[in-house]
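Reviewing the structure listed below.
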Amino acid sequence: MELMNFTKIAAGVYKACTGPKTDGILALVGNEAKLDSINSNYKDMPMPFEGVYSEKINSKTVVCVPKENSERFYGPGLRFKTIATNFTAMHLRCDHYGNSDNGRTHVPTPFYVSDKGYGIFIDTAEVISYYMGGTVRTDAKNPPVALNRGRGEWFADTPGDFVEASFENDADVYVFTGETMLDVVAKFNLLCGGGTLVPKWGFGFWHRTHIHYDEKDVKNEIDLFREKNFDLDVIGLEPGWHSNSYPCSYEWDEERFPDPKRFVNDLLDENIKVNLWENLFVSEKATIYEDMKPYSGSHMVWNGLAPDFTLPEARKIYADQHKEKHIDIGVSGYKIDECDGFDNWLFPDHAKFPSGRNAAAVRSSLGILAQKATYEIYRSINKRTYGLVRASAAGSVMMPYCIYNDCYSFEQYLTGLASSSFCGCLWVPEVRDADTSEEWVRRFQMCVFSPMLMLNAWANGAKPWQFEDVEDIIRDTIRFRKSLLPYLYNAFYTYRTTGVPPFRALCMDFSNTGSSRMSELDHTENPYESLLVSDIIDQYMAGDSIMVCPVRPEQKTRTVNLPDCDWYDYYTGEFVGNSTTIEIDCPLDRIPLFVKGGAMIPTVDRENNLIIRCYGESGKGFIYDDDGETYNCENGEYSLFSMEFNHENGVLNGKYLPVHCGYNSEYSEVHFYDKKDF
Ligand code: GAL
């Protein structure tokens with residue numbers, strides 16, 4: 001094994017390569033690293049260990065990162081069952097999640113974080129195997145004690161000296177050090193370009209209509225939303241808008257949408273954006289079919305071409321067609337489906353691609369490169385986009401896309417929210433259906449504190465008001481989401497400028513909220529008595545100050561762990577505790593929310609007044625604003641105010657001071673509220 005030679009590239013960020021010819025995903029995506037933001041926001045820190053080693057074994061490169069037995073690891077890759085990964089083995093590759101955290105996932109980003117305050121990123125698009133501390137070399141410096149199970153001694157996992165990873169070809173390896181896991185993740189996010197800029201309309205309500213809907217059906221649906229007094233901000237069209245889908249033509253079905261430009265603009269006149277579903281497999285009926293052929297792989301997918309998006313020529317053909325047929329007529333964005341795979345439908349690993357890259361690497365980069373191609377068109381016309389994608393990779397942090405899947409488990413969707421914060425992506429726990437009205441409400445509520453509030457009715461034509469007994473609750477839930485726009489916008493501003501994820505696992509802010517314990521022997525269910533490493537996933541942070549405690553369907557009460565700081569009830573403003581565990585009632589119309597003492601939460605009411613909710617005795621905050629539609633904020637057209645509040649003789653004093661005034665906010669009035677006014 002050779003010691004790798006690391007060079008510092010920013011405060012507490014180090015880089016080395018395993019060989020002369022690295023060809024990672026970051027270079028393919030081409031985001032600009034925000035090293036200045038790392039330097040200005042975070043501390044410089046030394047390497048957390050003496051060295052990382054690399055070695056060539058057969059056709060593989062192996063990287064060995066030293067570890068201690070007391071460390072806890074999070075990542076690599078998007079996960080749905082647990083977020084801590086100690087002793088797991090994973091073969092990370094891009095795939096649809098198949099109900100096991102074995103490495104096959106929508107976002108196989110090879111980045112993991114240690115609670116000791118560092119993170120490791122191996123910049124490769126190849127399949128990569130990770131052994132998270134359970135492999136023991138014969139020459140181990142600190143070998144585990146050999147046990148004798150027959151004598152009652154037992155521990156199934158054998159702690160080794162290293163986390164080991166192996167992959168084909170060479171790669172750059174990055175080490176990020178930070179005072180907390182949050183700093184480490186933020187540095188990684190900034191290296192990958194910093195958080196994405198989401199349009200304001202993206203925080204509204206999204207409704208994806210039935211797969212067979214035509215123009216008339218969509219407009220009828222919009223009328224119903226109006227009649228029922230439900231907010232609607234984005235309509236998503238599912239496969240039936242294409243003249244052919246699976247594989248896709250990317251051309252409008254002339255019978256269903258005879259005049260797409262008029263259709264899209266009619267909706268825009270009502271302040272409703274149109275988002276188009278597609279997958280990336282090109283139909284023979286597509287006008288781009290012949291042009292795309294030379295830039296496609298040796299195997300078809302659903303009888304369509306599989307383009308090699310690592311080639312700029314392929315991306316250009318796709319992008320030019322999309323610009324002309326969709327974006328130039330006002331379409332606001334895309335849902336890029338099925339780019340993750342499902343082995344039985346995708347091309348095989350031995351497929352050949354014109355770039356000469358391995359098929360697995362082409363597969364891993366398909367989703368992120370399609371995001372990049374569409375994002376760049378919108379940037380070129382100075383318009384923001386926001387959409388959905390089913391596969392992503394390093395670099396996704398900068399892309400205005402959310403990850404989703406078909407699994408529909410409440411528990412897994414919740415875990416996805418926590419796990420996504422460790423791999424630089426945004427995860428959406430969409431609503432599709434429910435067995436009871438209670439479940440319907442609880443699913444909507446979880447989405448309020450997620451990157452996108454969306455009902456995906458592609459298969460069942462569901463409507464938000466379909467459970468009559470909770471129609472009012474759902475209407476109010478959607479309105480509640482919209483009232484949070486200034487707060488969520490702040491959180492995404494922080495994401496962009498400092499790399500801090502807007503929705504994140506509780507342990508990222510409060511590292512002592514996880515637990516490890518030996519499990520009990522069960523000779524059929526758990527014959528190895530493996531270590532149980534668990535974290536609180538049904539509590540997570542949204543923005544700087546709100547801890548969200550979603551309620552599972554059927555739950556009438558729940559336990560809330562209040563980590564180390566003063567916590568206040570969001571709705572009443574009352575102090576609830578610090579470093580303690582409480583039991584709360586869960587009325588159906590409320591999402592339990594706890595706010596950090598001293599926080600100022602900006603919200604907007606239906607009359608467009610800015611209401612700043614103040615918690616505790618005194619505190620500070622900020623409010624960021626811009627036009628919400630363009631990239632003009634990058635040229636200084638934004639406003640930033642610092643805020644403060646305190647109480648004198650029980651009377652609330654709130655003030656805000658301009659830090660930057662490049663944009664005039666359109667709020668009617670500004671009010672500071674405390675618990676007396678809630
Ligand atoms: C699935 C996707 C669904 C829906 C459907 C349409 O792959 O996850 O959300 O879009 O395709 O065929």
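Ordering of the structure tokens sets the chain letters (A, B, ...), residue numbers begin anew at 1 in every chain, and ligands are numbered from 1 in the order given.
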Can you pull out every residue from region 77-317 of chain A that DSSP, working from the backbone, puts in strand (DSSP E or B), and format the result as an NGL selection string? :A and (84 or 89-94 or 104-105 or 111-114 or 118-123 or 128-131 or 162-168 or 170 or 172-177 or 205-208 or 234-237 or 242 or 248 or 252 or 273-279 or 282 or 296 or 301 or 304-305 or 307)
Residues at most 10 Å from Leu280 (chain A), counting only C-alpha atoms, excluding those fewer than 6 positions away in the same chain, as a ChimeraX atom specification? /A:246-250,301,304-307,309,318,336-339,366-367,370
Compare A:Glu554, A:Asp589, A:Asp123, A:Asp435 by their minimum atom-to-atom distance to Val173 (chain A), counting only C-alpha atoms, and give me the closest one.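 Answer, going by the shortest atom-to-atom distance: A:Asp123.
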Please, which residues have at least one atom within 10 Å of an atom of ligand 1, using only C-alpha atoms and all ligand atoms, listed as a PyMOL selection string? chain A and resi 96+208-211+236-240+245-246+276-279+335-341+388-390+404-407+430+432+456-459
Please produce an output containing C-alpha atoms for each residue in the selection, written as an mmCIF file, in the first residue's frame.
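Saved result, selection05.cif, follows:
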data_model
loop_
_atom_site.group_PDB
_atom_site.id
_atom_site.type_symbol
_atom_site.label_atom_id
_atom_site.label_comp_id
_atom_site.auth_asym_id
_atom_site.auth_seq_id
_atom_site.Cartn_x
_atom_site.Cartn_y
_atom_site.Cartn_z
ATOM 1 C CA HIS A 96 -33.693 2.062 -8.629
ATOM 2 C CA ARG A 208 -49.027 15.646 -11.496
ATOM 3 C CA THR A 209 -52.017 14.664 -13.575
ATOM 4 C CA HIS A 210 -53.129 11.286 -14.871
ATOM 5 C CA ILE A 211 -50.961 9.684 -17.563
ATOM 6 C CA GLY A 236 -46.914 17.989 -14.139
ATOM 7 C CA LEU A 237 -47.782 16.140 -17.338
ATOM 8 C CA GLU A 238 -46.977 12.436 -17.261
ATOM 9 C CA PRO A 239 -46.021 10.200 -20.280
ATOM 10 C CA GLY A 240 -49.214 10.780 -22.318
ATOM 11 C CA SER A 245 -43.567 7.407 -24.674
ATOM 12 C CA TYR A 246 -41.428 4.492 -23.516
ATOM 13 C CA LEU A 276 -42.969 17.598 -18.470
ATOM 14 C CA TRP A 277 -42.267 13.939 -17.700
ATOM 15 C CA GLU A 278 -39.732 12.117 -19.865
ATOM 16 C CA ASN A 279 -37.217 9.335 -19.807
ATOM 17 C CA LYS A 335 -39.277 15.187 -14.509
ATOM 18 C CA ILE A 336 -36.442 13.033 -15.829
ATOM 19 C CA ASP A 337 -37.544 9.496 -15.093
ATOM 20 C CA GLU A 338 -35.932 6.057 -15.222
ATOM 21 C CA CYS A 339 -32.351 7.270 -15.657
ATOM 22 C CA ASP A 340 -31.462 5.177 -12.592
ATOM 23 C CA GLY A 341 -32.223 1.844 -14.199
ATOM 24 C CA LEU A 388 -37.536 15.948 -10.609
ATOM 25 C CA VAL A 389 -35.044 13.272 -11.503
ATOM 26 C CA ARG A 390 -34.651 9.647 -10.479
ATOM 27 C CA TYR A 404 -38.031 10.624 -5.975
ATOM 28 C CA ASN A 405 -38.877 6.951 -6.402
ATOM 29 C CA ASP A 406 -41.691 4.415 -6.542
ATOM 30 C CA CYS A 407 -41.252 2.773 -3.128
ATOM 31 C CA GLU A 430 -44.256 12.568 -2.752
ATOM 32 C CA ARG A 432 -49.719 9.314 -4.282
ATOM 33 C CA ASN A 456 -48.275 12.479 -8.010
ATOM 34 C CA ALA A 457 -51.598 11.309 -9.481
ATOM 35 C CA TRP A 458 -50.066 9.784 -12.627
ATOM 36 C CA ALA A 459 -51.772 6.403 -12.125
#
So that I can check the surroundings of Ile623 (chain A), please list as a VMD selection string every protein, DNA and RNA residue that reaches within 12 Å of it, counting only C-alpha atoms and ignoring chain neighbours fewer than 3 positions away. chain A and resid 485 to 494 600 to 603 610 to 612 620 626 638 to 644 655 to 661 665 670
Which residues come within 7 Å of region 200-207 of chain A, counting only C-alpha atoms, excluding same-chain residues fewer than 5 positions away, as an mmCIF file with N, CA and C atoms, in the first residue's frame?
data_model
loop_
_atom_site.group_PDB
_atom_site.id
_atom_site.type_symbol
_atom_site.label_atom_id
_atom_site.label_comp_id
_atom_site.auth_asym_id
_atom_site.auth_seq_id
_atom_site.Cartn_x
_atom_site.Cartn_y
_atom_site.Cartn_z
ATOM 1 N N ASP A 231 -54.853 25.893 -3.617
ATOM 2 C CA ASP A 231 -53.730 26.509 -4.341
ATOM 3 C C ASP A 231 -53.132 25.496 -5.311
ATOM 4 N N LEU A 232 -52.682 26.012 -6.432
ATOM 5 C CA LEU A 232 -52.027 25.156 -7.431
ATOM 6 C C LEU A 232 -50.956 25.989 -8.133
ATOM 7 N N ASP A 233 -49.735 25.493 -8.148
ATOM 8 C CA ASP A 233 -48.637 26.274 -8.726
ATOM 9 C C ASP A 233 -47.967 25.596 -9.913
ATOM 10 N N VAL A 234 -47.954 24.258 -9.897
ATOM 11 C CA VAL A 234 -47.303 23.553 -11.015
ATOM 12 C C VAL A 234 -48.157 22.350 -11.403
ATOM 13 N N ILE A 235 -48.378 22.214 -12.705
ATOM 14 C CA ILE A 235 -49.024 21.009 -13.239
ATOM 15 C C ILE A 235 -47.928 20.160 -13.884
ATOM 16 N N GLY A 236 -47.885 18.883 -13.517
ATOM 17 C CA GLY A 236 -46.914 17.989 -14.139
ATOM 18 C C GLY A 236 -47.641 17.071 -15.112
ATOM 19 N N TYR A 386 -37.076 24.117 -11.994
ATOM 20 C CA TYR A 386 -37.085 23.204 -10.836
ATOM 21 C C TYR A 386 -37.805 21.960 -11.307
ATOM 22 N N MET A 452 -40.142 19.645 -1.982
ATOM 23 C CA MET A 452 -41.240 19.843 -2.932
ATOM 24 C C MET A 452 -42.522 19.244 -2.341
ATOM 25 N N LEU A 453 -43.608 20.008 -2.416
ATOM 26 C CA LEU A 453 -44.901 19.475 -1.952
ATOM 27 C C LEU A 453 -45.670 19.026 -3.186
ATOM 28 N N MET A 454 -45.798 17.714 -3.366
ATOM 29 C CA MET A 454 -46.328 17.225 -4.640
ATOM 30 C C MET A 454 -47.279 16.051 -4.464
ATOM 31 N N LEU A 455 -48.386 16.136 -5.197
ATOM 32 C CA LEU A 455 -49.281 14.987 -5.336
ATOM 33 C C LEU A 455 -49.016 14.397 -6.720
ATOM 34 N N ASN A 456 -48.593 13.134 -6.744
ATOM 35 C CA ASN A 456 -48.275 12.479 -8.010
ATOM 36 C C ASN A 456 -49.428 11.541 -8.372
ATOM 37 N N ILE A 478 -51.540 22.872 2.579
ATOM 38 C CA ILE A 478 -50.900 23.451 1.397
ATOM 39 C C ILE A 478 -50.647 24.950 1.646
ATOM 40 N N LYS A 482 -47.134 27.287 1.859
ATOM 41 C CA LYS A 482 -46.889 28.522 1.116
ATOM 42 C C LYS A 482 -46.549 29.682 2.049
ATOM 43 N N LEU A 485 -42.782 30.242 2.770
ATOM 44 C CA LEU A 485 -41.860 30.572 1.676
ATOM 45 C C LEU A 485 -40.648 31.400 2.127
ATOM 46 N N GLY A 628 -36.872 35.795 -7.495
ATOM 47 C CA GLY A 628 -37.398 34.438 -7.434
ATOM 48 C C GLY A 628 -37.544 33.738 -8.773
ATOM 49 N N GLU A 629 -37.167 34.388 -9.853
ATOM 50 C CA GLU A 629 -37.413 33.818 -11.191
ATOM 51 C C GLU A 629 -36.156 33.756 -12.051
#
Between A:Glu254, A:Asp627, A:Asp139, A:Glu221, which one has atoms that come closest to Pro464 (chain A), using only C-alpha atoms? A:Glu221
So that I can see what lies close to Pro550 (chain A), please list as a PyMOL selection string the residues with an atom at most 12 Å from it, counting only C-alpha atoms and leaving out residues fewer than 6 positions away in the same chain. chain A and resi 410-411+413-415+417+439+441-450+536-542+556-560+584+586-594
Those residues you just picked out, can you put them in a file as a short mmCIF file (atom, residue, chain, number, x, y, z; two decimals), in the first residue's frame with N, CA and C atoms?
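Heads up, here's the output in out29.cif:
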data_model
loop_
_atom_site.label_atom_id
_atom_site.label_comp_id
_atom_site.auth_asym_id
_atom_site.auth_seq_id
_atom_site.Cartn_x
_atom_site.Cartn_y
_atom_site.Cartn_z
N PHE A 410 -43.78 5.08 3.99
CA PHE A 410 -43.71 6.29 4.83
C PHE A 410 -42.35 6.35 5.53
N GLU A 411 -41.97 5.21 6.09
CA GLU A 411 -40.73 5.12 6.86
C GLU A 411 -39.50 5.38 5.98
N TYR A 413 -39.45 6.96 3.13
CA TYR A 413 -39.44 8.33 2.62
C TYR A 413 -38.84 9.27 3.67
N LEU A 414 -39.13 8.97 4.93
CA LEU A 414 -38.60 9.76 6.03
C LEU A 414 -37.08 9.59 6.12
N THR A 415 -36.64 8.34 6.00
CA THR A 415 -35.20 8.08 6.06
C THR A 415 -34.49 8.77 4.90
N LEU A 417 -35.19 11.56 3.59
CA LEU A 417 -34.99 12.98 3.91
C LEU A 417 -33.70 13.17 4.71
N GLU A 439 -53.83 8.86 6.99
CA GLU A 439 -52.57 8.66 6.27
C GLU A 439 -52.39 9.75 5.23
N VAL A 441 -53.37 12.81 5.29
CA VAL A 441 -52.91 14.05 5.94
C VAL A 441 -51.45 13.92 6.34
N ARG A 442 -51.09 12.82 6.97
CA ARG A 442 -49.72 12.68 7.48
C ARG A 442 -48.71 12.70 6.34
N ARG A 443 -49.09 12.14 5.19
CA ARG A 443 -48.15 12.17 4.05
C ARG A 443 -47.99 13.60 3.52
N PHE A 444 -49.10 14.31 3.38
CA PHE A 444 -48.99 15.71 2.95
C PHE A 444 -48.12 16.51 3.92
N GLN A 445 -48.32 16.26 5.21
CA GLN A 445 -47.58 17.03 6.20
C GLN A 445 -46.08 16.79 6.10
N MET A 446 -45.69 15.53 5.84
CA MET A 446 -44.26 15.27 5.71
C MET A 446 -43.68 16.08 4.54
N CYS A 447 -44.47 16.19 3.46
CA CYS A 447 -43.98 16.90 2.27
C CYS A 447 -43.87 18.41 2.47
N VAL A 448 -44.62 18.94 3.45
CA VAL A 448 -44.53 20.38 3.70
C VAL A 448 -43.09 20.74 4.06
N PHE A 449 -42.46 19.87 4.83
CA PHE A 449 -41.06 20.11 5.18
C PHE A 449 -40.17 19.20 4.34
N SER A 450 -40.23 19.40 3.06
CA SER A 450 -39.38 18.68 2.12
C SER A 450 -39.13 19.65 0.96
N ILE A 536 -32.04 8.88 15.18
CA ILE A 536 -33.40 9.40 15.17
C ILE A 536 -33.66 9.89 13.75
N ILE A 537 -34.59 9.25 13.07
CA ILE A 537 -34.89 9.76 11.73
C ILE A 537 -36.28 10.38 11.65
N ASP A 538 -37.10 10.16 12.68
CA ASP A 538 -38.43 10.79 12.61
C ASP A 538 -38.43 12.17 13.28
N GLN A 539 -37.26 12.75 13.35
CA GLN A 539 -37.10 14.16 13.71
C GLN A 539 -35.98 14.65 12.80
N TYR A 540 -36.15 15.80 12.18
CA TYR A 540 -35.07 16.33 11.35
C TYR A 540 -35.13 17.84 11.33
N MET A 541 -34.06 18.44 10.87
CA MET A 541 -33.99 19.90 10.84
C MET A 541 -34.44 20.41 9.48
N ALA A 542 -35.25 21.48 9.52
CA ALA A 542 -35.61 22.20 8.30
C ALA A 542 -35.10 23.62 8.51
N LYS A 556 -51.17 8.66 17.58
CA LYS A 556 -51.97 9.69 18.28
C LYS A 556 -51.10 10.53 19.22
N THR A 557 -50.04 9.91 19.69
CA THR A 557 -49.07 10.63 20.51
C THR A 557 -47.69 10.23 19.99
N ARG A 558 -46.69 11.00 20.34
CA ARG A 558 -45.35 10.56 19.98
C ARG A 558 -44.33 11.12 20.96
N THR A 559 -43.17 10.46 20.94
CA THR A 559 -42.07 10.89 21.78
C THR A 559 -41.22 11.86 20.97
N VAL A 560 -40.80 12.93 21.61
CA VAL A 560 -39.91 13.87 20.94
C VAL A 560 -38.66 14.02 21.79
N ILE A 584 -45.88 13.93 23.35
CA ILE A 584 -46.85 14.95 22.93
C ILE A 584 -48.07 14.31 22.29
N CYS A 586 -50.83 14.35 19.25
CA CYS A 586 -50.65 14.69 17.84
C CYS A 586 -51.99 14.92 17.16
N PRO A 587 -52.62 16.08 17.38
CA PRO A 587 -53.86 16.36 16.66
C PRO A 587 -53.61 16.30 15.15
N LEU A 588 -54.61 15.81 14.42
CA LEU A 588 -54.41 15.53 13.00
C LEU A 588 -54.01 16.75 12.18
N ASP A 589 -54.46 17.93 12.57
CA ASP A 589 -54.20 19.09 11.72
C ASP A 589 -52.86 19.75 11.99
N ARG A 590 -52.02 19.15 12.80
CA ARG A 590 -50.75 19.80 13.11
C ARG A 590 -49.54 18.91 12.88
N ILE A 591 -48.49 19.51 12.34
CA ILE A 591 -47.20 18.83 12.25
C ILE A 591 -46.43 19.30 13.47
N PRO A 592 -46.04 18.42 14.37
CA PRO A 592 -45.28 18.90 15.52
C PRO A 592 -43.97 19.56 15.08
N LEU A 593 -43.80 20.81 15.51
CA LEU A 593 -42.63 21.59 15.11
C LEU A 593 -42.06 22.27 16.34
N PHE A 594 -40.75 22.24 16.47
CA PHE A 594 -40.10 22.87 17.61
C PHE A 594 -39.04 23.84 17.08
#
Can you pull out every residue within 9 Å of Ser511 (chain A), counting only C-alpha atoms, but drop anything in the same chain fewer than 4 positions away, and send it as a VMD selection string? chain A and resid 115 180 to 181 506 to 507
Have a look at CA of Thr580 (chain A) and CA of Phe510 (chain A) and let me know their distance in Å, one decimal.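 Straight-line distance from CA of Thr580 (chain A) to CA of Phe510 (chain A) works out to 13.2 Å.
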